[in-house]
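Participant: So I've got this file, target.pdb, and it contains PDB, C-alpha atoms and all ligand atoms:
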```pdb
ATOM      1  CA  MET A   1       2.464 -18.273 -51.120
ATOM      2  CA  GLN A   2       0.659 -21.549 -50.704
ATOM      3  CA  HIS A   3       0.858 -24.245 -53.354
ATOM      4  CA  LEU A   4       1.255 -21.563 -56.018
ATOM      5  CA  THR A   5       1.353 -23.000 -59.522
ATOM      6  CA  ARG A   6       1.590 -21.464 -62.973
ATOM      7  CA  SER A   7       2.284 -23.163 -66.298
ATOM      8  CA  PHE A   8       2.980 -21.898 -69.787
ATOM      9  CA  GLY A   9       1.878 -24.678 -72.143
ATOM     10  CA  ASN A  10       3.725 -27.774 -70.980
ATOM     11  CA  VAL A  11       6.225 -25.828 -68.891
ATOM     12  CA  ARG A  12       5.455 -25.586 -65.173
ATOM     13  CA  ALA A  13       7.200 -22.302 -64.492
ATOM     14  CA  VAL A  14       6.063 -22.236 -60.847
ATOM     15  CA  ASP A  15       5.242 -25.587 -59.344
ATOM     16  CA  ASP A  16       3.459 -25.893 -55.979
ATOM     17  CA  LEU A  17       5.432 -23.095 -54.352
ATOM     18  CA  SER A  18       4.830 -22.482 -50.637
ATOM     19  CA  LEU A  19       6.833 -19.742 -48.979
ATOM     20  CA  THR A  20       6.551 -16.984 -46.402
ATOM     21  CA  VAL A  21       8.675 -13.844 -46.423
ATOM     22  CA  ALA A  22       8.713 -11.780 -43.226
ATOM     23  CA  THR A  23       8.346  -8.004 -43.098
ATOM     24  CA  GLY A  24      11.706  -6.240 -43.135
ATOM     25  CA  GLU A  25      13.794  -9.178 -44.266
ATOM     26  CA  VAL A  26      16.040  -9.422 -47.283
ATOM     27  CA  PHE A  27      14.908 -12.625 -48.913
ATOM     28  CA  GLY A  28      17.074 -14.193 -51.606
ATOM     29  CA  PHE A  29      15.314 -16.039 -54.402
ATOM     30  CA  LEU A  30      17.949 -18.086 -56.178
ATOM     31  CA  GLY A  31      17.835 -20.398 -59.120
ATOM     32  CA  HIS A  32      19.132 -21.199 -62.558
ATOM     33  CA  ASN A  33      17.962 -19.429 -65.745
ATOM     34  CA  GLY A  34      14.352 -20.369 -66.296
ATOM     35  CA  ALA A  35      13.865 -21.624 -62.714
ATOM     36  CA  GLY A  36      10.716 -19.513 -62.308
ATOM     37  CA  LYS A  37      11.937 -16.441 -60.409
ATOM     38  CA  THR A  38      10.496 -13.775 -62.717
ATOM     39  CA  THR A  39       7.221 -15.659 -63.054
ATOM     40  CA  THR A  40       6.922 -15.711 -59.254
ATOM     41  CA  VAL A  41       7.578 -11.967 -59.053
ATOM     42  CA  ARG A  42       4.944 -11.339 -61.727
ATOM     43  CA  LEU A  43       2.424 -13.492 -59.841
ATOM     44  CA  LEU A  44       3.174 -11.705 -56.570
ATOM     45  CA  ASN A  45       2.568  -8.328 -58.217
ATOM     46  CA  GLY A  46      -0.701  -9.378 -59.800
ATOM     47  CA  VAL A  47       0.437  -8.967 -63.397
ATOM     48  CA  LEU A  48       0.033 -12.682 -64.086
ATOM     49  CA  GLU A  49      -2.706 -15.038 -62.929
ATOM     50  CA  SER A  50      -1.907 -18.254 -61.132
ATOM     51  CA  ASP A  51      -3.377 -21.600 -62.202
ATOM     52  CA  SER A  52      -3.873 -22.670 -58.591
ATOM     53  CA  GLY A  53      -2.750 -21.919 -55.052
ATOM     54  CA  GLN A  54      -3.049 -18.845 -52.855
ATOM     55  CA  MET A  55      -0.914 -15.812 -52.167
ATOM     56  CA  THR A  56      -1.202 -12.822 -49.879
ATOM     57  CA  VAL A  57       1.128  -9.859 -50.333
ATOM     58  CA  LEU A  58       0.995  -6.984 -47.822
ATOM     59  CA  GLY A  59      -2.357  -8.401 -46.744
ATOM     60  CA  LEU A  60      -3.776  -8.179 -50.277
ATOM     61  CA  ASN A  61      -4.671 -10.714 -52.917
ATOM     62  CA  PRO A  62      -2.561  -9.832 -55.990
ATOM     63  CA  GLN A  63      -5.152 -11.332 -58.334
ATOM     64  CA  THR A  64      -8.012  -9.116 -57.174
ATOM     65  CA  ASP A  65      -6.180  -6.123 -55.621
ATOM     66  CA  GLY A  66      -3.326  -5.818 -58.113
ATOM     67  CA  ALA A  67      -3.487  -2.054 -58.674
ATOM     68  CA  THR A  68      -3.670  -1.253 -54.946
ATOM     69  CA  LEU A  69      -0.846  -3.679 -54.271
ATOM     70  CA  ARG A  70       1.439  -2.335 -56.988
ATOM     71  CA  ALA A  71       1.127   1.146 -55.495
ATOM     72  CA  ARG A  72       2.832  -0.328 -52.408
ATOM     73  CA  THR A  73       5.492  -2.452 -54.127
ATOM     74  CA  GLY A  74       8.495  -1.479 -56.199
ATOM     75  CA  VAL A  75       9.992  -3.629 -58.932
ATOM     76  CA  LEU A  76      13.392  -3.467 -60.546
ATOM     77  CA  THR A  77      13.208  -5.715 -63.572
ATOM     78  CA  GLU A  78      16.253  -7.312 -65.145
ATOM     79  CA  MET A  79      16.031  -4.988 -68.152
ATOM     80  CA  PRO A  80      14.679  -1.704 -66.775
ATOM     81  CA  SER A  81      13.370   0.399 -69.640
ATOM     82  CA  LEU A  82      14.390   3.991 -69.143
ATOM     83  CA  ASP A  83      13.669   6.699 -71.683
ATOM     84  CA  GLU A  84      17.149   7.573 -72.895
ATOM     85  CA  ARG A  85      15.984  10.791 -74.582
ATOM     86  CA  LEU A  86      14.808  12.235 -71.276
ATOM     87  CA  THR A  87      16.927  13.387 -68.366
ATOM     88  CA  GLY A  88      17.108  11.363 -65.157
ATOM     89  CA  THR A  89      14.809  13.849 -63.436
ATOM     90  CA  GLU A  90      12.291  13.747 -66.304
ATOM     91  CA  ASN A  91      12.222   9.943 -66.211
ATOM     92  CA  LEU A  92      11.427  10.060 -62.517
ATOM     93  CA  ILE A  93       8.768  12.780 -62.886
ATOM     94  CA  TYR A  94       7.062  10.683 -65.544
ATOM     95  CA  TYR A  95       6.926   7.692 -63.203
ATOM     96  CA  ALA A  96       5.883   9.845 -60.250
ATOM     97  CA  ASP A  97       2.792  10.663 -62.282
ATOM     98  CA  LEU A  98       2.167   6.972 -63.049
ATOM     99  CA  TYR A  99       2.519   6.221 -59.337
ATOM    100  CA  SER A 100       0.021   9.027 -58.570
ATOM    101  CA  ILE A 101       2.413  10.884 -56.282
ATOM    102  CA  PRO A 102       0.661  14.222 -55.483
ATOM    103  CA  ALA A 103       1.961  16.988 -57.770
ATOM    104  CA  ASP A 104       3.152  19.190 -54.899
ATOM    105  CA  ARG A 105       5.368  16.377 -53.561
ATOM    106  CA  VAL A 106       6.899  15.164 -56.816
ATOM    107  CA  GLN A 107       9.932  17.476 -56.979
ATOM    108  CA  GLN A 108      10.952  16.790 -53.386
ATOM    109  CA  ARG A 109      10.566  13.049 -53.804
ATOM    110  CA  VAL A 110      12.524  13.045 -57.074
ATOM    111  CA  ASN A 111      15.312  15.067 -55.444
ATOM    112  CA  ASP A 112      15.349  12.672 -52.492
ATOM    113  CA  VAL A 113      15.776   9.516 -54.569
ATOM    114  CA  LEU A 114      18.329  11.170 -56.849
ATOM    115  CA  GLU A 115      20.351  12.008 -53.761
ATOM    116  CA  THR A 116      19.907   8.589 -52.190
ATOM    117  CA  PHE A 117      21.206   6.913 -55.332
ATOM    118  CA  GLY A 118      24.067   9.353 -55.874
ATOM    119  CA  LEU A 119      22.657  11.037 -58.980
ATOM    120  CA  SER A 120      21.884  14.553 -57.722
ATOM    121  CA  ASP A 121      24.542  16.149 -59.897
ATOM    122  CA  ARG A 122      23.461  14.217 -63.013
ATOM    123  CA  GLY A 123      19.674  14.531 -62.748
ATOM    124  CA  SER A 124      19.495  17.135 -65.511
ATOM    125  CA  ASP A 125      21.605  15.071 -67.949
ATOM    126  CA  ARG A 126      20.052  12.873 -70.601
ATOM    127  CA  VAL A 127      19.939   9.203 -69.636
ATOM    128  CA  GLY A 128      21.430   8.261 -73.007
ATOM    129  CA  GLY A 129      24.727   9.655 -71.728
ATOM    130  CA  TYR A 130      24.685   7.716 -68.453
ATOM    131  CA  SER A 131      27.039   4.815 -67.762
ATOM    132  CA  LYS A 132      25.487   1.372 -67.161
ATOM    133  CA  GLY A 133      25.952   1.765 -63.415
ATOM    134  CA  MET A 134      24.224   5.158 -63.449
ATOM    135  CA  LYS A 135      21.305   3.736 -65.414
ATOM    136  CA  GLN A 136      20.982   0.925 -62.927
ATOM    137  CA  ARG A 137      21.010   3.423 -60.056
ATOM    138  CA  LEU A 138      18.345   5.483 -61.812
ATOM    139  CA  ALA A 139      16.235   2.349 -62.275
ATOM    140  CA  LEU A 140      16.645   1.643 -58.554
ATOM    141  CA  ALA A 141      15.708   5.252 -57.747
ATOM    142  CA  ARG A 142      12.601   4.804 -59.869
ATOM    143  CA  ALA A 143      11.675   1.579 -58.060
ATOM    144  CA  PHE A 144      11.946   3.411 -54.720
ATOM    145  CA  LEU A 145      10.210   6.600 -55.876
ATOM    146  CA  HIS A 146       6.829   5.909 -54.264
ATOM    147  CA  SER A 147       8.415   4.613 -51.009
ATOM    148  CA  PRO A 148       7.302   0.994 -51.481
ATOM    149  CA  GLU A 149       7.039  -1.212 -48.410
ATOM    150  CA  LEU A 150       8.118  -4.239 -50.415
ATOM    151  CA  ILE A 151      10.645  -4.138 -53.201
ATOM    152  CA  PHE A 152      11.424  -6.812 -55.775
ATOM    153  CA  LEU A 153      14.909  -6.609 -57.233
ATOM    154  CA  ASP A 154      15.800  -8.795 -60.205
ATOM    155  CA  GLU A 155      19.581  -9.073 -60.548
ATOM    156  CA  PRO A 156      20.144  -5.539 -59.226
ATOM    157  CA  THR A 157      23.922  -5.652 -59.655
ATOM    158  CA  SER A 158      24.160  -7.421 -62.981
ATOM    159  CA  GLY A 159      26.770  -5.692 -65.135
ATOM    160  CA  LEU A 160      27.854  -3.268 -62.418
ATOM    161  CA  ASP A 161      31.484  -2.680 -61.496
ATOM    162  CA  PRO A 162      32.628  -3.597 -57.956
ATOM    163  CA  ILE A 163      32.173  -0.068 -56.577
ATOM    164  CA  ALA A 164      28.680   0.369 -58.039
ATOM    165  CA  THR A 165      27.846  -3.157 -56.790
ATOM    166  CA  GLN A 166      28.988  -2.225 -53.311
ATOM    167  CA  GLU A 167      26.809   0.895 -53.406
ATOM    168  CA  VAL A 168      23.754  -1.125 -54.388
ATOM    169  CA  HIS A 169      24.495  -3.620 -51.599
ATOM    170  CA  ASP A 170      24.782  -0.789 -49.083
ATOM    171  CA  MET A 171      21.463   0.579 -50.324
ATOM    172  CA  ILE A 172      19.724  -2.787 -49.932
ATOM    173  CA  ARG A 173      21.063  -3.077 -46.364
ATOM    174  CA  HIS A 174      19.991   0.490 -45.635
ATOM    175  CA  VAL A 175      16.379   0.124 -46.841
ATOM    176  CA  SER A 176      15.988  -3.135 -44.965
ATOM    177  CA  ARG A 177      17.740  -2.378 -41.662
ATOM    178  CA  ASP A 178      17.132   1.348 -41.303
ATOM    179  CA  GLU A 179      13.801   1.752 -43.070
ATOM    180  CA  GLY A 180      12.214  -1.649 -42.344
ATOM    181  CA  ARG A 181      11.345  -2.338 -45.969
ATOM    182  CA  THR A 182      11.142  -5.888 -47.258
ATOM    183  CA  VAL A 183      13.431  -6.863 -50.115
ATOM    184  CA  PHE A 184      12.763  -9.827 -52.395
ATOM    185  CA  LEU A 185      16.033 -10.302 -54.211
ATOM    186  CA  CYS A 186      16.277 -12.505 -57.306
ATOM    187  CA  THR A 187      19.892 -13.263 -58.034
ATOM    188  CA  HIS A 188      22.315 -15.766 -59.498
ATOM    189  CA  ASN A 189      25.086 -14.217 -57.478
ATOM    190  CA  LEU A 190      25.563 -16.533 -54.516
ATOM    191  CA  ILE A 191      28.175 -14.370 -52.834
ATOM    192  CA  GLU A 192      25.774 -11.438 -53.022
ATOM    193  CA  ALA A 193      22.963 -13.535 -51.556
ATOM    194  CA  GLN A 194      25.184 -14.821 -48.776
ATOM    195  CA  SER A 195      26.251 -11.360 -47.711
ATOM    196  CA  LEU A 196      22.832  -9.660 -48.001
ATOM    197  CA  CYS A 197      20.066 -12.140 -47.298
ATOM    198  CA  ASP A 198      18.496 -13.094 -43.999
ATOM    199  CA  ARG A 199      16.990 -16.141 -45.666
ATOM    200  CA  VAL A 200      17.108 -17.639 -49.129
ATOM    201  CA  ALA A 201      15.174 -20.174 -51.183
ATOM    202  CA  ILE A 202      16.809 -22.130 -53.960
ATOM    203  CA  LEU A 203      14.423 -22.779 -56.824
ATOM    204  CA  GLU A 204      14.824 -25.490 -59.429
ATOM    205  CA  HIS A 205      12.370 -25.937 -62.299
ATOM    206  CA  GLY A 206       9.688 -24.015 -60.434
ATOM    207  CA  ARG A 207      10.089 -25.921 -57.151
ATOM    208  CA  ILE A 208      11.805 -24.931 -53.945
ATOM    209  CA  LYS A 209      14.672 -27.287 -53.201
ATOM    210  CA  VAL A 210      15.712 -25.725 -49.892
ATOM    211  CA  ALA A 211      14.864 -22.599 -47.923
ATOM    212  CA  GLY A 212      16.317 -21.074 -44.785
ATOM    213  CA  ALA A 213      19.086 -18.880 -43.440
ATOM    214  CA  PRO A 214      22.231 -19.372 -45.523
ATOM    215  CA  HIS A 215      24.103 -20.906 -42.565
ATOM    216  CA  GLU A 216      21.268 -23.392 -41.891
ATOM    217  CA  LEU A 217      21.074 -24.737 -45.414
ATOM    218  CA  ALA A 218      24.267 -26.777 -45.192
ATOM    219  CA  GLN A 219      22.608 -29.103 -42.698
ATOM    220  CA  GLN A 220      19.498 -29.523 -44.865
ATOM    221  CA  VAL A 221      21.462 -30.278 -48.002
ATOM    222  CA  GLY A 222      23.966 -32.594 -46.353
ATOM    223  CA  THR A 223      26.839 -30.518 -47.645
ATOM    224  CA  ARG A 224      30.297 -31.609 -46.633
ATOM    225  CA  ILE A 225      31.527 -29.589 -43.665
ATOM    226  CA  ARG A 226      35.190 -28.819 -43.053
ATOM    227  CA  TYR A 227      36.808 -28.430 -39.647
ATOM    228  CA  VAL A 228      40.262 -27.069 -39.036
ATOM    229  CA  LEU A 229      42.140 -28.667 -36.128
ATOM    230  CA  GLU A 230      45.140 -26.935 -34.628
ATOM    231  CA  ILE A 231      47.699 -29.535 -33.632
ATOM    232  CA  ALA A 232      51.348 -29.488 -32.539
ATOM    233  CA  PRO A 233      53.458 -29.716 -35.747
ATOM    234  CA  GLN A 234      55.479 -32.697 -34.435
ATOM    235  CA  GLN A 235      52.260 -34.690 -33.937
ATOM    236  CA  MET A 236      50.799 -33.969 -37.388
ATOM    237  CA  ASP A 237      51.725 -37.331 -38.945
ATOM    238  CA  ALA A 238      50.334 -39.312 -36.028
ATOM    239  CA  ALA A 239      47.119 -37.251 -36.145
ATOM    240  CA  CYS A 240      46.723 -38.004 -39.855
ATOM    241  CA  VAL A 241      47.129 -41.718 -39.214
ATOM    242  CA  ALA A 242      44.555 -41.684 -36.383
ATOM    243  CA  LEU A 243      41.993 -39.773 -38.449
ATOM    244  CA  ALA A 244      42.557 -41.745 -41.642
ATOM    245  CA  GLN A 245      41.392 -44.868 -39.766
ATOM    246  CA  MET A 246      37.947 -43.314 -39.244
ATOM    247  CA  THR A 247      35.646 -44.167 -42.139
ATOM    248  CA  ALA A 248      33.288 -41.280 -41.262
ATOM    249  CA  VAL A 249      36.091 -38.801 -41.975
ATOM    250  CA  GLU A 250      35.986 -38.290 -45.730
ATOM    251  CA  ALA A 251      39.252 -36.414 -46.206
ATOM    252  CA  VAL A 252      42.230 -35.248 -44.178
ATOM    253  CA  GLU A 253      44.521 -32.468 -45.403
ATOM    254  CA  ALA A 254      47.570 -31.427 -43.406
ATOM    255  CA  SER A 255      49.426 -28.119 -43.469
ATOM    256  CA  ALA A 256      52.348 -26.984 -41.302
ATOM    257  CA  SER A 257      50.305 -26.376 -38.167
ATOM    258  CA  SER A 258      46.747 -27.452 -38.886
ATOM    259  CA  LEU A 259      44.700 -30.317 -40.195
ATOM    260  CA  THR A 260      41.523 -29.887 -42.201
ATOM    261  CA  ILE A 261      39.037 -32.722 -42.062
ATOM    262  CA  THR A 262      35.907 -33.120 -44.170
ATOM    263  CA  VAL A 263      32.766 -34.766 -42.793
ATOM    264  CA  THR A 264      29.075 -34.815 -43.748
ATOM    265  CA  ASP A 265      27.767 -35.026 -40.181
ATOM    266  CA  ARG A 266      28.994 -32.834 -37.318
ATOM    267  CA  GLU A 267      28.443 -35.799 -34.929
ATOM    268  CA  VAL A 268      31.681 -37.222 -36.338
ATOM    269  CA  ILE A 269      33.675 -34.439 -34.665
ATOM    270  CA  PRO A 270      33.436 -35.650 -31.019
ATOM    271  CA  ASP A 271      34.491 -39.142 -32.172
ATOM    272  CA  ALA A 272      37.392 -37.712 -34.155
ATOM    273  CA  LEU A 273      38.562 -35.764 -31.124
ATOM    274  CA  ALA A 274      38.227 -38.850 -28.923
ATOM    275  CA  SER A 275      40.442 -40.878 -31.239
ATOM    276  CA  LEU A 276      43.046 -38.093 -31.310
ATOM    277  CA  VAL A 277      43.043 -37.938 -27.515
ATOM    278  CA  THR A 278      43.395 -41.738 -27.335
ATOM    279  CA  ALA A 279      46.440 -41.451 -29.614
ATOM    280  CA  GLN A 280      47.789 -38.836 -27.135
ATOM    281  CA  ILE A 281      47.624 -36.041 -29.667
ATOM    282  CA  ARG A 282      47.193 -32.551 -28.274
ATOM    283  CA  VAL A 283      44.450 -30.529 -30.015
ATOM    284  CA  TYR A 284      44.545 -26.786 -29.365
ATOM    285  CA  ALA A 285      41.536 -25.615 -31.368
ATOM    286  CA  VAL A 286      38.708 -26.874 -33.554
ATOM    287  CA  THR A 287      37.063 -24.416 -35.971
ATOM    288  CA  GLN A 288      34.262 -25.053 -38.410
ATOM    289  CA  GLN A 289      34.879 -23.507 -41.810
ATOM    290  CA  GLN A 290      31.921 -21.510 -43.038
ATOM    291  CA  VAL A 291      29.961 -23.324 -45.722
ATOM    292  CA  SER A 292      29.296 -20.966 -48.598
ATOM    293  CA  LEU A 293      26.010 -20.767 -50.485
ATOM    294  CA  GLU A 294      28.044 -21.758 -53.489
ATOM    295  CA  ASP A 295      29.000 -25.037 -51.770
ATOM    296  CA  ILE A 296      25.323 -25.614 -50.998
ATOM    297  CA  TYR A 297      24.189 -24.777 -54.508
ATOM    298  CA  LEU A 298      26.769 -27.097 -56.028
ATOM    299  CA  ALA A 299      25.938 -29.847 -53.524
ATOM    300  CA  LEU A 300      22.265 -29.569 -54.537
ATOM    301  CA  HIS A 301      23.259 -29.815 -58.162
ATOM    302  CA  GLY A 302      25.481 -32.807 -57.461
ATOM    303  CA  ARG A 303      22.699 -34.499 -55.551
ATOM    304  CA  LYS A 304      20.335 -34.007 -58.477
ATOM    305  CA  GLU A 305      22.846 -35.615 -60.828
ATOM    306  CA  ALA A 306      23.329 -38.511 -58.413
ATOM    307  CA  ASP A 307      19.528 -38.949 -58.132
ATOM    308  CA  SER A 308      18.930 -39.070 -61.861
TER
HETATM  309  N1  LIG B   1       5.225 -15.485 -71.033
HETATM  310  C1  LIG B   1       5.739 -16.709 -71.147
HETATM  311  N2  LIG B   1       5.391 -17.546 -72.130
HETATM  312  C2  LIG B   1       5.908 -18.790 -72.224
HETATM  313  N3  LIG B   1       6.798 -19.313 -71.360
HETATM  314  C3  LIG B   1       7.202 -18.528 -70.362
HETATM  315  C4  LIG B   1       6.717 -17.180 -70.191
HETATM  316  N4  LIG B   1       7.301 -16.648 -69.087
HETATM  317  C5  LIG B   1       8.118 -17.589 -68.599
HETATM  318  N5  LIG B   1       8.068 -18.714 -69.351
HETATM  319  C6  LIG B   1       8.807 -19.965 -69.111
HETATM  320  O1  LIG B   1       8.696 -20.256 -67.720
HETATM  321  C7  LIG B   1       9.930 -20.750 -67.218
HETATM  322  C8  LIG B   1      10.373 -19.865 -66.060
HETATM  323  O2  LIG B   1      10.763 -18.602 -66.587
HETATM  324  P1  LIG B   1      11.180 -17.375 -65.651
HETATM  325  O3  LIG B   1      11.376 -16.201 -66.544
HETATM  326  O4  LIG B   1      10.215 -17.249 -64.548
HETATM  327  O5  LIG B   1      12.574 -17.895 -65.076
HETATM  328  P2  LIG B   1      13.718 -17.094 -64.296
HETATM  329  O6  LIG B   1      14.090 -17.939 -63.123
HETATM  330  O7  LIG B   1      13.266 -15.698 -64.005
HETATM  331  O8  LIG B   1      14.896 -17.075 -65.352
HETATM  332  P3  LIG B   1      16.112 -16.017 -65.581
HETATM  333  O9  LIG B   1      17.056 -16.185 -64.428
HETATM  334  O10 LIG B   1      16.707 -16.486 -66.867
HETATM  335  O11 LIG B   1      15.519 -14.624 -65.665
HETATM  336  C9  LIG B   1      10.895 -20.783 -68.379
HETATM  337  O12 LIG B   1      10.875 -22.100 -68.916
HETATM  338  C10 LIG B   1      10.294 -19.785 -69.360
HETATM  339  O13 LIG B   1      10.618 -20.118 -70.682
END
```
As structure tokens, please, write out the structure in this file.
Facilitator:
Amino acid sequence: MQHLTRSFGNVRAVDDLSLTVATGEVFGFLGHNGAGKTTTVRLLNGVLESDSGQMTVLGLNPQTDGATLRARTGVLTEMPSLDERLTGTENLIYYADLYSIPADRVQQRVNDVLETFGLSDRGSDRVGGYSKGMKQRLALARAFLHSPELIFLDEPTSGLDPIATQEVHDMIRHVSRDEGRTVFLCTHNLIEAQSLCDRVAILEHGRIKVAGAPHELAQQVGTRIRYVLEIAPQQMDAACVALAQMTAVEAVEASASSLTITVTDREVIPDALASLVTAQIRVYAVTQQQVSLEDIYLALHGRKEADS
């Protein structure tokens, strides 16, 4: 995507979006309700026209090659409409026809996706009797039916219990790592994004605020970073005093055998260690605590409030 823009009336749903997603990666597209995620997915599948900007998806222009492109992409929408009066198998056969899967291959393909998504023994039951998790798995099976190279998943685990969620996560890892498919994952679930995504972009009012690997984003956002220092218990008080004198150290928390310090710049750490050594305090280990995507998301939000 290059400078992609799309408005609805006065609302700029997608605002000058530039982004590249690599083949085979799981890319997380994060953002608040109304941030522009669904609009982007619709643009990328050629079901909505952009106002300006360019996009290339699987080497095709979605605006002119939409039908060809959609035969190679799969989409799980937030509210997948399944026909509840039909069985799981019948729902899939119907879509196999829409996807123009050759008639002699339909049954095999339907059986394959039913098995992949753990529905083989329920394929002949009516969808109306499925649990929410089973419906979601059937919707996923449908999105994968025509073996798409690129799959868009909008909140794939919303409303699922922890076990069904885990199964969907395993499936996303499997199609990406083992089958080399590209996954474009729209989610509000930051823990999900952190565990699944190679890279993420955080969208706010149609604009990308930050993009990168989850572990790289902390640096970009200026999130506070915590380090745990292992120190001899009898020297804990002296260590606190030495660190409290450093203005670059924002907070110091002591426990029985470790100190946690909060900084915004990792360059503070060598100075902090130097002042501990000067105070003759013995440091046995320094470990950086992992910054979660949630920390980053909240830091972005905080920064926005501070800016306004
Ligand atoms: N067809 C439409 N007509 C008018 N406004 C629209 C239309 N589609 C989207 N919008 C507006 O564009 C903005 C972005 O909506 P979009 O659905 O892309 O957000 P989203 O990030 O997918 O939200 P959610 O997480 O709630 O699904 C919103 O302000 C929405 O009201």
Participant: Can you measure atom CA of Tyr130 of chain A to atom CA of Val168 of chain A for me? One decimal in Å is fine.
Facilitator: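 If I compute the distance from atom CA of Tyr130 of chain A to atom CA of Val168 of chain A, I get 16.6 Å.
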Participant: Which centre and edge lengths in Å to one decimal define the box along x, y and z that fits every listed atom of ligand LIG 1 (chain B) plus 4 Å per side, as JSON?
Facilitator:
```
{"center_x": 11.1, "center_y": -18.4, "center_z": -67.7, "size_x": 19.8, "size_y": 15.5, "size_z": 17.1}
```
Participant: Each residue of chain A lying at most 7 Å from ligand LIG 1 (chain B) should get a row with its shortest atom-to-atom pair and the distance in Å to one decimal, counting only C-alpha atoms and all ligand atoms; could you produce that, ordered by chain and increasing number, as JSON lines?
Facilitator:
```
{"residue": "A:Phe8", "atom": "CA", "partner": "B:LIG1", "partner_atom": "N3", "distance": 4.9}
{"residue": "A:Val11", "atom": "CA", "partner": "B:LIG1", "partner_atom": "O12", "distance": 6.0}
{"residue": "A:Arg12", "atom": "CA", "partner": "B:LIG1", "partner_atom": "O1", "distance": 6.7}
{"residue": "A:Ala13", "atom": "CA", "partner": "B:LIG1", "partner_atom": "O1", "distance": 4.1}
{"residue": "A:Gly31", "atom": "CA", "partner": "B:LIG1", "partner_atom": "O6", "distance": 6.0}
{"residue": "A:His32", "atom": "CA", "partner": "B:LIG1", "partner_atom": "O9", "distance": 5.7}
{"residue": "A:Asn33", "atom": "CA", "partner": "B:LIG1", "partner_atom": "O10", "distance": 3.4}
{"residue": "A:Gly34", "atom": "CA", "partner": "B:LIG1", "partner_atom": "O5", "distance": 3.3}
{"residue": "A:Ala35", "atom": "CA", "partner": "B:LIG1", "partner_atom": "O6", "distance": 3.7}
{"residue": "A:Gly36", "atom": "CA", "partner": "B:LIG1", "partner_atom": "O4", "distance": 3.2}
{"residue": "A:Lys37", "atom": "CA", "partner": "B:LIG1", "partner_atom": "O6", "distance": 3.8}
{"residue": "A:Thr38", "atom": "CA", "partner": "B:LIG1", "partner_atom": "O7", "distance": 3.6}
{"residue": "A:Thr39", "atom": "CA", "partner": "B:LIG1", "partner_atom": "O4", "distance": 3.7}
{"residue": "A:Thr40", "atom": "CA", "partner": "B:LIG1", "partner_atom": "O4", "distance": 6.4}
```
Participant: To test your reading of the syntax: which residues would the PyMOL selection byres (((chain A and resi 60-67) around 9) and not hetatm) return for the file shown? Reply as a list in words.
Facilitator: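 Against this file, the PyMOL selection byres (((chain A and resi 60-67) around 9) and not hetatm) returns the residues Leu43, Leu44, Asn45, Gly46, Val47, Leu48, Glu49, Ser50, Gln54, Met55, Thr56, Val57, Leu58, Gly59, Thr68, Leu69, Arg70 and Ala71 of chain A.
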Participant: Let's have the selection written as a PDB file, in the frame of the given file, with C-alpha atoms.
Facilitator:
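Generated output (result_32.pdb):
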```pdb
ATOM      1  CA  LEU A  43       2.424 -13.492 -59.841  1.00  0.00           C
ATOM      2  CA  LEU A  44       3.174 -11.705 -56.570  1.00  0.00           C
ATOM      3  CA  ASN A  45       2.568  -8.328 -58.217  1.00  0.00           C
ATOM      4  CA  GLY A  46      -0.701  -9.378 -59.800  1.00  0.00           C
ATOM      5  CA  VAL A  47       0.437  -8.967 -63.397  1.00  0.00           C
ATOM      6  CA  LEU A  48       0.033 -12.682 -64.086  1.00  0.00           C
ATOM      7  CA  GLU A  49      -2.706 -15.038 -62.929  1.00  0.00           C
ATOM      8  CA  SER A  50      -1.907 -18.254 -61.132  1.00  0.00           C
ATOM      9  CA  GLN A  54      -3.049 -18.845 -52.855  1.00  0.00           C
ATOM     10  CA  MET A  55      -0.914 -15.812 -52.167  1.00  0.00           C
ATOM     11  CA  THR A  56      -1.202 -12.822 -49.879  1.00  0.00           C
ATOM     12  CA  VAL A  57       1.128  -9.859 -50.333  1.00  0.00           C
ATOM     13  CA  LEU A  58       0.995  -6.984 -47.822  1.00  0.00           C
ATOM     14  CA  GLY A  59      -2.357  -8.401 -46.744  1.00  0.00           C
ATOM     15  CA  THR A  68      -3.670  -1.253 -54.946  1.00  0.00           C
ATOM     16  CA  LEU A  69      -0.846  -3.679 -54.271  1.00  0.00           C
ATOM     17  CA  ARG A  70       1.439  -2.335 -56.988  1.00  0.00           C
ATOM     18  CA  ALA A  71       1.127   1.146 -55.495  1.00  0.00           C
TER      19      ALA A  71
END
```
Participant: Residues of segment 9-89 of chain A within 6 Å of segment 142-150 of chain A: nearest atom pair and distance (Å, one decimal) for each, counting only C-alpha atoms, sorted by chain and number, as a tab-separated table?
Facilitator:
```
residue	atom	partner	partner_atom	distance
A:Arg72	CA	A:Pro148	CA	4.8
A:Thr73	CA	A:Pro148	CA	4.7
A:Gly74	CA	A:Ala143	CA	4.8
A:Val75	CA	A:Ala143	CA	5.5
A:Leu76	CA	A:Ala143	CA	5.9
```
Participant: Can you spell out as a list in words the set of residues that the PyMOL selection byres (((chain A and resi 284) around 10) and not hetatm) selects in the structure I just provided?
Facilitator: Leu229, Glu230, Ile231, Ala232, Ser258, Ile281, Arg282, Val283, Ala285 and Val286 of chain A
Participant: Could you give me, as a PyMOL selection string, the residues within 10 Å of segment 117-127 of chain A, counting only C-alpha atoms and dropping anything in the same chain fewer than 5 positions from it?
Facilitator: chain A and resi 82-92+110-112+132+134-142+144+167-168+171
Participant: So which one's closest to Thr77 of chain A, A:Tyr94, A:Phe152, A:Tyr99, A:Phe27? Using all atoms listed in the file, please.
Facilitator: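 Distance minimum relative to Thr77 of chain A lands on A:Phe152.
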Participant: Report, in Å with one decimal, the straight-line distance from atom CA of Ala193 of chain A to atom CA of Leu293 of chain A.
Facilitator: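 Between these atoms lies a distance of 7.9 Å.
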